[in-house]
Protein chains: 2
Amino acid sequence: MKVKNAAGKEIETSISGQSFIPFKGGKKHNRDSKIVRDIETALRKCGFKSGMTISFHHQLRNGDYVVNNTFEAIKDIGCRDLRLAQTALFNVHKPIINYIKDGVVTRIEGSVNGVVGDFISTNNPLESPVILRSHGGRWGAVKSGELHPDIAVIAASAADCRGNATGLIGESAFGNIAYSPVDAWHADKVIIVTDNIVNYPSPFREIYEGLVDYVVEIDQIGDPNKIVSGSLKITEDPMKLNIGKNCVDLMEAAGIVKNDMIFQAGAGGISLAALKYLGQRLKEKNMVAGCSTGGLTEFIVNMYNDDILKQVNTCQCFDTVAVDFVRNHQEAISTIGEYSDHTMKGRNTDKLDAVILGATEVDTRFNVNVNTHSNGKMLHGIGGHQDVSATANLTIITVPVFRKSNPIVRELVTTISTPGDIIDAIVTDKGIAINPKRKDLIDKVSGKVKIVDIEDLKNIAYDETGGPIESVIGDEIVGITKYFDGTVLDNIYRVLGD
Amino acid sequence: MKVKNAAGKEIETSISGQSFIPFKGGKKHNRDSKIVRDIETALRKCGFKSGMTISFHHQLRNGDYVVNNTFEAIKDIGCRDLRLAQTALFNVHKPIINYIKDGVVTRIEGSVNGVVGDFISTNNPLESPVILRSHGGRWGAVKSGELHPDIAVIAASAADCRGNATGLIGESAFGNIAYSPVDAWHADKVIIVTDNIVNYPSPFREIYEGLVDYVVEIDQIGDPNKIVSGSLKITEDPMKLNIGKNCVDLMEAAGIVKNDMIFQAGAGGISLAALKYLGQRLKEKNMVAGCSTGGLTEFIVNMYNDDILKQVNTCQCFDTVAVDFVRNHQEAISTIGEYSDHTMKGRNTDKLDAVILGATEVDTRFNVNVNTHSNGKMLHGIGGHQDVSATANLTIITVPVFRKSNPIVRELVTTISTPGDIIDAIVTDKGIAINPKRKDLIDKVSGKVKIVDIEDLKNIAYDETGGPIESVIGDEIVGITKYFDGTVLDNIYRVLGD
């Protein structure tokens, strides 16, 4: 059938068995500014109401003002029974405790570092347990709809009037926005909160305008001194330095210290020590590493500048040197999805030769705890721990065998954060334990490094400390650690004692 | 109920009314190379079979070898009845005519520039008409599933063994891969074809490994001399130079030549002339434009280098200078989705102050034809024509009133590519016609530029040429122009004469 369309042409509506809809008219797009007066206005325009899920990223860390400011606006609106889907909370977010007490926040899915975790551990104040996921696990959960944010509030150190937003420039720069792209794609409404409106178009745009509903300018999104560290320091503790050196010895024995090697080491004292020794080893051998992944520090930037590292991939900047580096090397930018979305056909950590990770406890089955202290308190997040453990060829956990009177190597970890299945080696001050599943690795490094049985390490720990103190826990579940595939690794119980 | 999971922990499967699945075990990810021997092997591993839809990008333009090489492999496999979903075909793709004759290709959705379009126009050899969409319209159709590629074959001038792929480096560099991200996200299987395997990880990766199934290395993906132009030239035709100058006069009269202005002008002779005059005008006024969008040429790079343009956004590089620029200014990189996905909350062309576009014909209702010649032959694609016409504040079409004996301004265009609703001005060698809907614009520029009635332009064209020659067309529909929202603007009929 021929129909005259809005452009005045006769067109067929059915051709070769397919139906076609006639043109109904065209118009110019909306090009207005998306800036609104304040966070409350933005939330109201988004139709924010009780029962909703609201998400945030944690890249302003302990310097963040955006979560607290948003909750002040929520208090003014009068919403309750919210699910908080932040990537992580820090001590700066202590006010959240009051919102929990008042019934404003009744569910949390995200890391609860420090005071909020402590409060939840000892009081069990929520309707359901905190869900703890790895970076990649959270990305996958938001993508699949398991964790659907109604509203995503995204802090940016610069944004333009149409919502192109970045963490790379401005007084509050914190590095590329890496956690929020998945929230921006999947949340029903997206609000950018910045303290720095720049000319359109913003030259950097980890979040682009097509994803954004509203932009809010506030005085300050955070305290620059607490957002990124001015300068991180390598440990001076000889025991920790020694563990760092042992990591590099193990890597070398395994044949991993080589040209184009890909490695990850974080911002902890032992990791930084390991980086120092790795750099020395590369120079001695006249070799150049291929790429580093994970959080970026001055120490890795120095390796790049010293021409012993060709390339950097990063999702998170830990210091100001790292932020400056990424701003000038945009090829270093990676999203959490690229880094660790396990539902894809690959991640940019898949070819990691070695990763060096910390732990609060490990056990004789090579399970790792990074979430709770040995007293059972939920005080830390999983981060990328599971994600890179599953991808690296050599996953190294660094721990002292015991800390003061607490055995770190033990029969069973208080909480499983990363399963022993994907841990290859535990490097301690008393020797290196290798997962018996990795016979190939044991064969390769035997005689080159001091291999010890994990049971022996546990025995040393128990002998020196008198063994683990039974933590006083109840039967109420306050937290759940999930594996990145959505299954449950462990339950975290309410702590009754202190 | 408590269940012991694969990590050896007792966990609750039901808490606060929610169900939880116990951990079933973890394992290391696959980190193998994705490189396979040849295109045929990759297609076979992807389960390629008759009836499927296969997609390609056109960024190697008339230098492309990848489409033809892939069809040679398809011929060897023996598949038929395929739907070809390339972004555009050029004269280099003449072999496709034989695949159409042989029933290997029976449907095409994508631009058919030159010989293939001519063949289809005169022979109507396909099972259903060619679907022509704008860049943004195609992106939206792939995203929505209206055009679902079973297999996406993506040409890259460099890629690593895991599929990180780019068009920015290597002998066959063609600029950032901008068209294929949507194919890579939505196709069931993705094959990267490159002539340049680089160390993992590739420093540039417009397509990242998480989206890629297989990587194939071939001798050459294209002829570098035909992929990008060595050097484009501004027209020397005084009539065309004059049209270019009139565009800038109109922009100035409309108050658009100002600091931070955002503009787009393509690689055609008149557009390049307009850029030259725009640059001169900015310098005279001591002003600095904010951003350019669209295809990038040396002429725009020169404006950047001359400090009269702050920033560049681009989806396509037209010459080698542009490729070099984007490699060194990654903030210039934009995908077609960011540029023109009309289903999003905004595009990076929404704040365009002015765009200068060409046409094969225009009509008195301001409709524009870019797809067919006046004889009815389907010889060109829509490109971004509709997309930016709908976003720019001032959409300028540049045409001579007539070409030889053919009236260009006419009663009704042979084919509607972009509806008059979103066209603001037609700048010709005989004056400027402004869409009567834009009273605000008419008021602003009256007395400053030579405004003429579009009917008068048509009359001049008809007087000088004797009016349009009736094209000899049949009643078989060989092509359909769609608006970016999926509705039909026009039908293109078989051409019976020559």
# chains A, B, ... in the order shown; residues from 1 in each chain; ligands from 1
call {"tool": "residues_around", "arguments": {"residues": "region 442-444 of chain A", "least_positions_apart": "5", "cutoff": "8 Å", "atoms": "only C-alpha atoms", "output": "PyMOL selection string"}}
result
chain A and resi 253-254+434+436
call {"tool": "select_by_dssp", "arguments": {"residues": "region 149-325 of chain A", "states": "strand (DSSP E or B)", "output": "NGL selection string"}}
result
:A and (151-156 or 158-159 or 165-166 or 189-194 or 197 or 207 or 214-217 or 222 or 229 or 262-265 or 289-292 or 296 or 309-312 or 314 or 317 or 319)
call {"tool": "closest_atom_pairs", "arguments": {"of": "chain A", "to": "chain B", "cutoff": "6 Å", "atoms": "only C-alpha atoms", "output": "CSV"}}
result
residue,atom,partner,partner_atom,distance
A:Ile11,CA,B:Asn491,CA,6.0
A:Ser16,CA,B:Ser128,CA,5.7
A:Ile21,CA,B:Thr487,CA,4.9
A:Pro22,CA,B:Val488,CA,4.8
A:Phe23,CA,B:Thr487,CA,4.7
A:Gly26,CA,B:Asp421,CA,5.6
A:Lys27,CA,B:Ile422,CA,5.8
A:Lys28,CA,B:Ala390,CA,4.6
A:His29,CA,B:Thr391,CA,5.3
A:Arg31,CA,B:Asp350,CA,5.5
A:Ser128,CA,B:Ser16,CA,5.7
A:Pro203,CA,B:Glu331,CA,6.0
A:Glu209,CA,B:Gly346,CA,5.6
A:Gly210,CA,B:Gly346,CA,4.1
A:Leu211,CA,B:Lys345,CA,5.7
A:Glu331,CA,B:Pro203,CA,6.0
A:Met344,CA,B:Gly210,CA,5.0
A:Lys345,CA,B:Gly210,CA,4.4
A:Gly346,CA,B:Gly210,CA,4.1
A:Arg347,CA,B:Gly210,CA,5.5
A:Asp350,CA,B:Arg31,CA,5.5
A:Lys351,CA,B:Arg31,CA,5.8
A:Ala390,CA,B:Lys28,CA,4.6
A:Thr391,CA,B:His29,CA,5.3
A:Asp421,CA,B:Gly26,CA,5.6
A:Ile422,CA,B:Lys27,CA,5.8
A:Thr487,CA,B:Phe23,CA,4.7
A:Val488,CA,B:Pro22,CA,4.8
A:Leu489,CA,B:Phe23,CA,5.3
A:Asp490,CA,B:Ile11,CA,6.0
A:Asn491,CA,B:Ile11,CA,5.9
call {"tool": "atom_distance", "arguments": {"atom1": "CA of Gly244 (chain B)", "atom2": "CA of Ser271 (chain B)"}}
result
6.5 Å
call {"tool": "residues_around", "arguments": {"residues": "region 451-457 of chain A", "least_positions_apart": "4", "cutoff": "12 Å", "atoms": "only C-alpha atoms", "output": "PyMOL selection string"}}
result
chain A and resi 246+249-250+253+362-367+399-402+407-412+424-436+441-447+461-464
call {"tool": "residues_around", "arguments": {"residues": "Val228 (chain A)", "least_positions_apart": "4", "cutoff": "10 Å", "atoms": "only C-alpha atoms", "output": "mmCIF file with N, CA and C atoms, in the first residue's frame"}}
result
data_model
loop_
_atom_site.group_PDB
_atom_site.id
_atom_site.type_symbol
_atom_site.label_atom_id
_atom_site.label_comp_id
_atom_site.auth_asym_id
_atom_site.auth_seq_id
_atom_site.Cartn_x
_atom_site.Cartn_y
_atom_site.Cartn_z
ATOM 1 N N GLN A 59 35.902 6.905 43.896
ATOM 2 C CA GLN A 59 37.232 7.345 43.467
ATOM 3 C C GLN A 59 37.719 8.609 44.184
ATOM 4 N N LEU A 60 36.847 9.237 44.975
ATOM 5 C CA LEU A 60 37.320 10.354 45.813
ATOM 6 C C LEU A 60 37.740 9.845 47.184
ATOM 7 N N ARG A 61 37.590 8.547 47.353
ATOM 8 C CA ARG A 61 37.991 7.840 48.575
ATOM 9 C C ARG A 61 37.670 8.603 49.869
ATOM 10 N N ASN A 62 38.631 8.698 50.745
ATOM 11 C CA ASN A 62 38.334 9.293 52.057
ATOM 12 C C ASN A 62 38.214 10.818 51.988
ATOM 13 N N GLY A 63 38.347 11.369 50.761
ATOM 14 C CA GLY A 63 38.162 12.811 50.589
ATOM 15 C C GLY A 63 36.780 13.159 50.054
ATOM 16 N N SER A 172 40.011 18.996 41.963
ATOM 17 C CA SER A 172 39.672 17.754 42.659
ATOM 18 C C SER A 172 39.948 16.526 41.794
ATOM 19 N N ALA A 173 40.866 16.654 40.837
ATOM 20 C CA ALA A 173 41.152 15.538 39.919
ATOM 21 C C ALA A 173 41.517 14.276 40.698
ATOM 22 N N PHE A 174 40.983 13.160 40.248
ATOM 23 C CA PHE A 174 41.218 11.895 40.955
ATOM 24 C C PHE A 174 41.592 10.765 40.015
ATOM 25 N N GLY A 175 41.719 11.057 38.729
ATOM 26 C CA GLY A 175 42.029 10.007 37.747
ATOM 27 C C GLY A 175 40.801 9.696 36.904
ATOM 28 N N ASP A 223 37.918 16.729 49.342
ATOM 29 C CA ASP A 223 39.123 17.341 49.888
ATOM 30 C C ASP A 223 40.315 16.802 49.110
ATOM 31 N N PRO A 224 40.904 17.646 48.244
ATOM 32 C CA PRO A 224 41.986 17.161 47.366
ATOM 33 C C PRO A 224 43.094 16.440 48.130
ATOM 34 N N LEU A 232 53.193 8.278 48.313
ATOM 35 C CA LEU A 232 53.178 7.001 49.022
ATOM 36 C C LEU A 232 54.609 6.617 49.366
ATOM 37 N N CYS A 317 43.845 5.882 40.120
ATOM 38 C CA CYS A 317 45.082 6.596 40.418
ATOM 39 C C CYS A 317 45.210 6.762 41.924
ATOM 40 N N PHE A 318 46.346 6.353 42.468
ATOM 41 C CA PHE A 318 46.534 6.433 43.915
ATOM 42 C C PHE A 318 47.282 7.679 44.373
ATOM 43 N N ASP A 319 47.926 8.372 43.440
ATOM 44 C CA ASP A 319 48.625 9.599 43.856
ATOM 45 C C ASP A 319 48.582 10.622 42.725
ATOM 46 N N THR A 320 49.051 11.821 43.032
ATOM 47 C CA THR A 320 48.928 12.910 42.055
ATOM 48 C C THR A 320 49.799 12.669 40.823
ATOM 49 N N VAL A 321 50.919 11.997 41.005
ATOM 50 C CA VAL A 321 51.778 11.685 39.856
ATOM 51 C C VAL A 321 51.007 10.781 38.875
ATOM 52 N N ALA A 322 50.258 9.851 39.429
ATOM 53 C CA ALA A 322 49.467 8.947 38.590
ATOM 54 C C ALA A 322 48.396 9.716 37.814
ATOM 55 N N VAL A 323 47.724 10.647 38.476
ATOM 56 C CA VAL A 323 46.690 11.444 37.800
ATOM 57 C C VAL A 323 47.310 12.223 36.636
#
call {"tool": "atom_distance", "arguments": {"atom1": "CA of Ile74 (chain B)", "atom2": "CA of Leu379 (chain B)"}}
result
25.8 Å
call {"tool": "residues_around", "arguments": {"residues": "Gln280 (chain A)", "least_positions_apart": "4", "cutoff": "10 Å", "atoms": "only C-alpha atoms", "output": "count of residues only"}}
result
9
call {"tool": "atom_distance", "arguments": {"atom1": "CA of Ile300 (chain B)", "atom2": "CA of Ile356 (chain B)"}}
result
13.7 Å
